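Asks: Please see the structure below; I have some questions.
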Amino acid sequence: MKIVILAQYFEESDQPGLPLLSSIAEHFAMSGHEVTVIAGQYIRMGRHKAPRFRKMPSGYSIRRTWSGSDGSANLLSRLLSFFAFSLSSMFTLAWMGKIDVIYASSPPIFPTFSALLWARLTGAKFILEICDLWPESAIALGLIRNKRLIAWTAAIEGFLYRHSDGLVGLTQGISKWVQEQYEIKAPIIVARCAVSPIPPSQRIASRAAIRRERDWNGKCIAIFAGTIGHAQDIETLLAAAAQLFDQSKLLIVVMGDGAYRDLVIARTRELNNLQFFEPESRAETMNTLAASDIGLCTLKNDPLFDGAVPTKFIDYLGAGLPVVAPDLQEIAAIVKTMNAGVLYQAGDAKSLADALRALAGKRSAVVAQSLLPEEFKIEYRNRTIERFVEGVVSEAV
């Protein structure tokens, strides 16, 4: 099959950020499919430009198209960037000729809407991967307040869900919400965030060197690695750090990029127990996690996030770390089932500080590598999506 993977933000395996799509692309290519990725020109973490075209060793190609100026957190600027990529990606789809499948990832939803229209014009199958409920998440965070914009984006969202040939939800909560809110005729599956677990030998080999290099010896490292954005409740994390001044051995490390990056950096000048590091490549990030002691996951206290499972949370499990995580429904179920760490009351800084104190006091990993369920392993996820895509195509034959 000739498959296009379309996503405005696409991170290659050696770049900071979310590697799920690059892993899918590689899996499809190694299964014998002709795979092209159409993506925007910017890497999400760090907002730097990537090469316009790359042929990857595993056999798939990446074509990066114009996506406007992507350096501002301003909503209008971001919307213009989304529309720029929507237009440029359509030209690239037209240039490519006949396509069998468009596998599009959302958010942002605007480029996926254009891709759906193109699929309908050309007879290609359209499969939508839903990584976040948008605009619902933006509304819950107060990022969108204009009623006309809310109505317009919600209409686009509903159209996408109803007219896709197949839907892939990143969590059970996302899939359930879509099915309850819309009359979905297309098949829908859950394909969770997933990771390639770090072998114990690699964890041991890299841990000592990294801890020595970063002067972490003798410290209990609680690491937050990933997007430092609106949904991540960074204010509560920083407030908890301020309450832990009496824990001389506990160091909170924030590594990543996002809207609250500058705030975190500013607070590191005031708090001795807080450090910031720039985002690293995927391999470097996993090694850094293995050198840490606790995986720190925070989210806003909103019912919408009851069905959220952040990528960083799965990364921590893959690195063998015990976690401190919010008591939101889907995350809490995983933590309790796996005995994977300590839950705190979402949005409560004191509860978060207490959870960190409790887990730091144990100083022992409660997550065993062998206990990571198959559904959280990247190979399982890729096989699940491949079977689903092939099933959608075969039903149309």
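If you're wondering about the labels, chains in the structure tokens are A, B, ... by order shown, residues count from 1 in each chain, ligands from 1 in order shown.
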Given only C-alpha atoms, how would the per-residue table for region 275-320 of chain A near region 229-246 of chain A read, listing every residue at most 9 Å away with its closest atom pair and distance in Å to one decimal, sorted by chain and number, as CSV?
Replies:
residue,atom,partner,partner_atom,distance
A:Cys297,CA,A:Gln232,CA,8.0
A:Thr298,CA,A:Gln232,CA,5.4
A:Leu299,CA,A:Gln232,CA,4.3
A:Lys300,CA,A:Asp233,CA,4.9
A:Asn301,CA,A:Asp233,CA,8.2
A:Phe305,CA,A:Ala231,CA,8.8
Asks: Just want the 7 Å neighbourhood of Thr36 (chain A), counted on only C-alpha atoms, with same-chain residues fewer than 3 positions away dropped. Output as number ranges by chain.
Replies: A: 3-5, 60-62
Asks: Rounded to one decimal in Å, what is the spacing between CA of Lys125 (chain A) and CA of Thr384 (chain A)?
Replies: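 Atom-to-atom, CA of Lys125 (chain A) to CA of Thr384 (chain A), that is 17.6 Å.
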Asks: Pick the closest to Phe113 (chain A) from A:Ile252, A:Leu143, A:Val178, A:Ile156: which is it, counting only C-alpha atoms?
Replies: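 Result for the nearest residue to Phe113 (chain A): A:Ile156.
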Asks: Excluding Ala319 (chain A) and its own-chain neighbours fewer than 3 positions away, which residues fall within 7 Å of it when counting only C-alpha atoms? Please give them as a list of chain:residue names.
Replies: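 Close residues of Ala319 (chain A): A:Pro197, A:Ile198, A:Met286, A:Leu289, A:Ala290, A:Asp315, A:Tyr316.
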Asks: Can I get the selected residues back with all heavy atoms, as an mmCIF file, in the first residue's frame?
Replies:
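Wrote selection.cif, looks like this:
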data_model
loop_
_atom_site.group_PDB
_atom_site.id
_atom_site.type_symbol
_atom_site.label_atom_id
_atom_site.label_comp_id
_atom_site.auth_asym_id
_atom_site.auth_seq_id
_atom_site.Cartn_x
_atom_site.Cartn_y
_atom_site.Cartn_z
ATOM 1 N N PRO A 197 10.948 -0.607 26.245
ATOM 2 C CA PRO A 197 11.520 -0.651 27.599
ATOM 3 C C PRO A 197 13.046 -0.684 27.575
ATOM 4 O O PRO A 197 13.659 -1.273 26.687
ATOM 5 C CB PRO A 197 10.951 -1.954 28.174
ATOM 6 C CG PRO A 197 9.740 -2.250 27.361
ATOM 7 C CD PRO A 197 10.045 -1.743 25.992
ATOM 8 N N ILE A 198 13.655 -0.026 28.549
ATOM 9 C CA ILE A 198 15.110 -0.022 28.658
ATOM 10 C C ILE A 198 15.555 -1.322 29.321
ATOM 11 O O ILE A 198 15.109 -1.631 30.432
ATOM 12 C CB ILE A 198 15.603 1.171 29.503
ATOM 13 C CG1 ILE A 198 15.118 2.492 28.898
ATOM 14 C CG2 ILE A 198 17.119 1.166 29.613
ATOM 15 C CD1 ILE A 198 15.513 3.694 29.726
ATOM 16 N N MET A 286 15.658 8.660 27.607
ATOM 17 C CA MET A 286 15.423 7.403 28.308
ATOM 18 C C MET A 286 16.594 7.063 29.228
ATOM 19 O O MET A 286 16.392 6.534 30.328
ATOM 20 C CB MET A 286 15.175 6.273 27.300
ATOM 21 C CG MET A 286 13.881 6.442 26.499
ATOM 22 S SD MET A 286 12.389 6.635 27.520
ATOM 23 C CE MET A 286 12.216 4.972 28.185
ATOM 24 N N LEU A 289 16.204 9.219 32.285
ATOM 25 C CA LEU A 289 15.171 8.665 33.160
ATOM 26 C C LEU A 289 15.730 7.498 33.978
ATOM 27 O O LEU A 289 15.456 7.374 35.178
ATOM 28 C CB LEU A 289 13.972 8.188 32.337
ATOM 29 C CG LEU A 289 13.154 9.249 31.596
ATOM 30 C CD1 LEU A 289 11.956 8.608 30.908
ATOM 31 C CD2 LEU A 289 12.708 10.363 32.517
ATOM 32 N N ALA A 290 16.516 6.647 33.321
ATOM 33 C CA ALA A 290 17.090 5.502 34.015
ATOM 34 C C ALA A 290 18.050 5.927 35.123
ATOM 35 O O ALA A 290 18.266 5.184 36.084
ATOM 36 C CB ALA A 290 17.809 4.594 33.022
ATOM 37 N N ASP A 315 6.705 6.519 29.611
ATOM 38 C CA ASP A 315 8.169 6.521 29.559
ATOM 39 C C ASP A 315 8.773 6.152 30.909
ATOM 40 O O ASP A 315 9.749 5.405 30.992
ATOM 41 C CB ASP A 315 8.680 7.899 29.135
ATOM 42 C CG ASP A 315 8.457 8.183 27.659
ATOM 43 O OD1 ASP A 315 8.178 7.231 26.907
ATOM 44 O OD2 ASP A 315 8.565 9.356 27.259
ATOM 45 N N TYR A 316 8.197 6.697 31.976
ATOM 46 C CA TYR A 316 8.702 6.384 33.315
ATOM 47 C C TYR A 316 8.597 4.883 33.597
ATOM 48 O O TYR A 316 9.533 4.265 34.132
ATOM 49 C CB TYR A 316 7.920 7.148 34.388
ATOM 50 C CG TYR A 316 7.951 8.651 34.270
ATOM 51 C CD1 TYR A 316 6.901 9.424 34.757
ATOM 52 C CD2 TYR A 316 9.026 9.327 33.670
ATOM 53 C CE1 TYR A 316 6.914 10.805 34.665
ATOM 54 C CE2 TYR A 316 9.038 10.709 33.570
ATOM 55 C CZ TYR A 316 7.972 11.443 34.058
ATOM 56 O OH TYR A 316 7.989 12.812 33.965
#
Asks: Please run DSSP on the backbone and report, as an MDAnalysis selection string, all residues within region 7-247 of chain A that come out as strand (DSSP E).
Replies: chainID A and resid 7 34:40 53:55 61:65 101:106 125:130 166:169 188:190 220:227
Asks: Could you give me the residues within region 139-329 of chain A that DSSP places in helix (DSSP H, G or I), as a PyMOL selection string?
Replies: chain A and resi 139-140+147-163+172-181+200-213+234-243+261-268+282-290+303-307+311-318+329
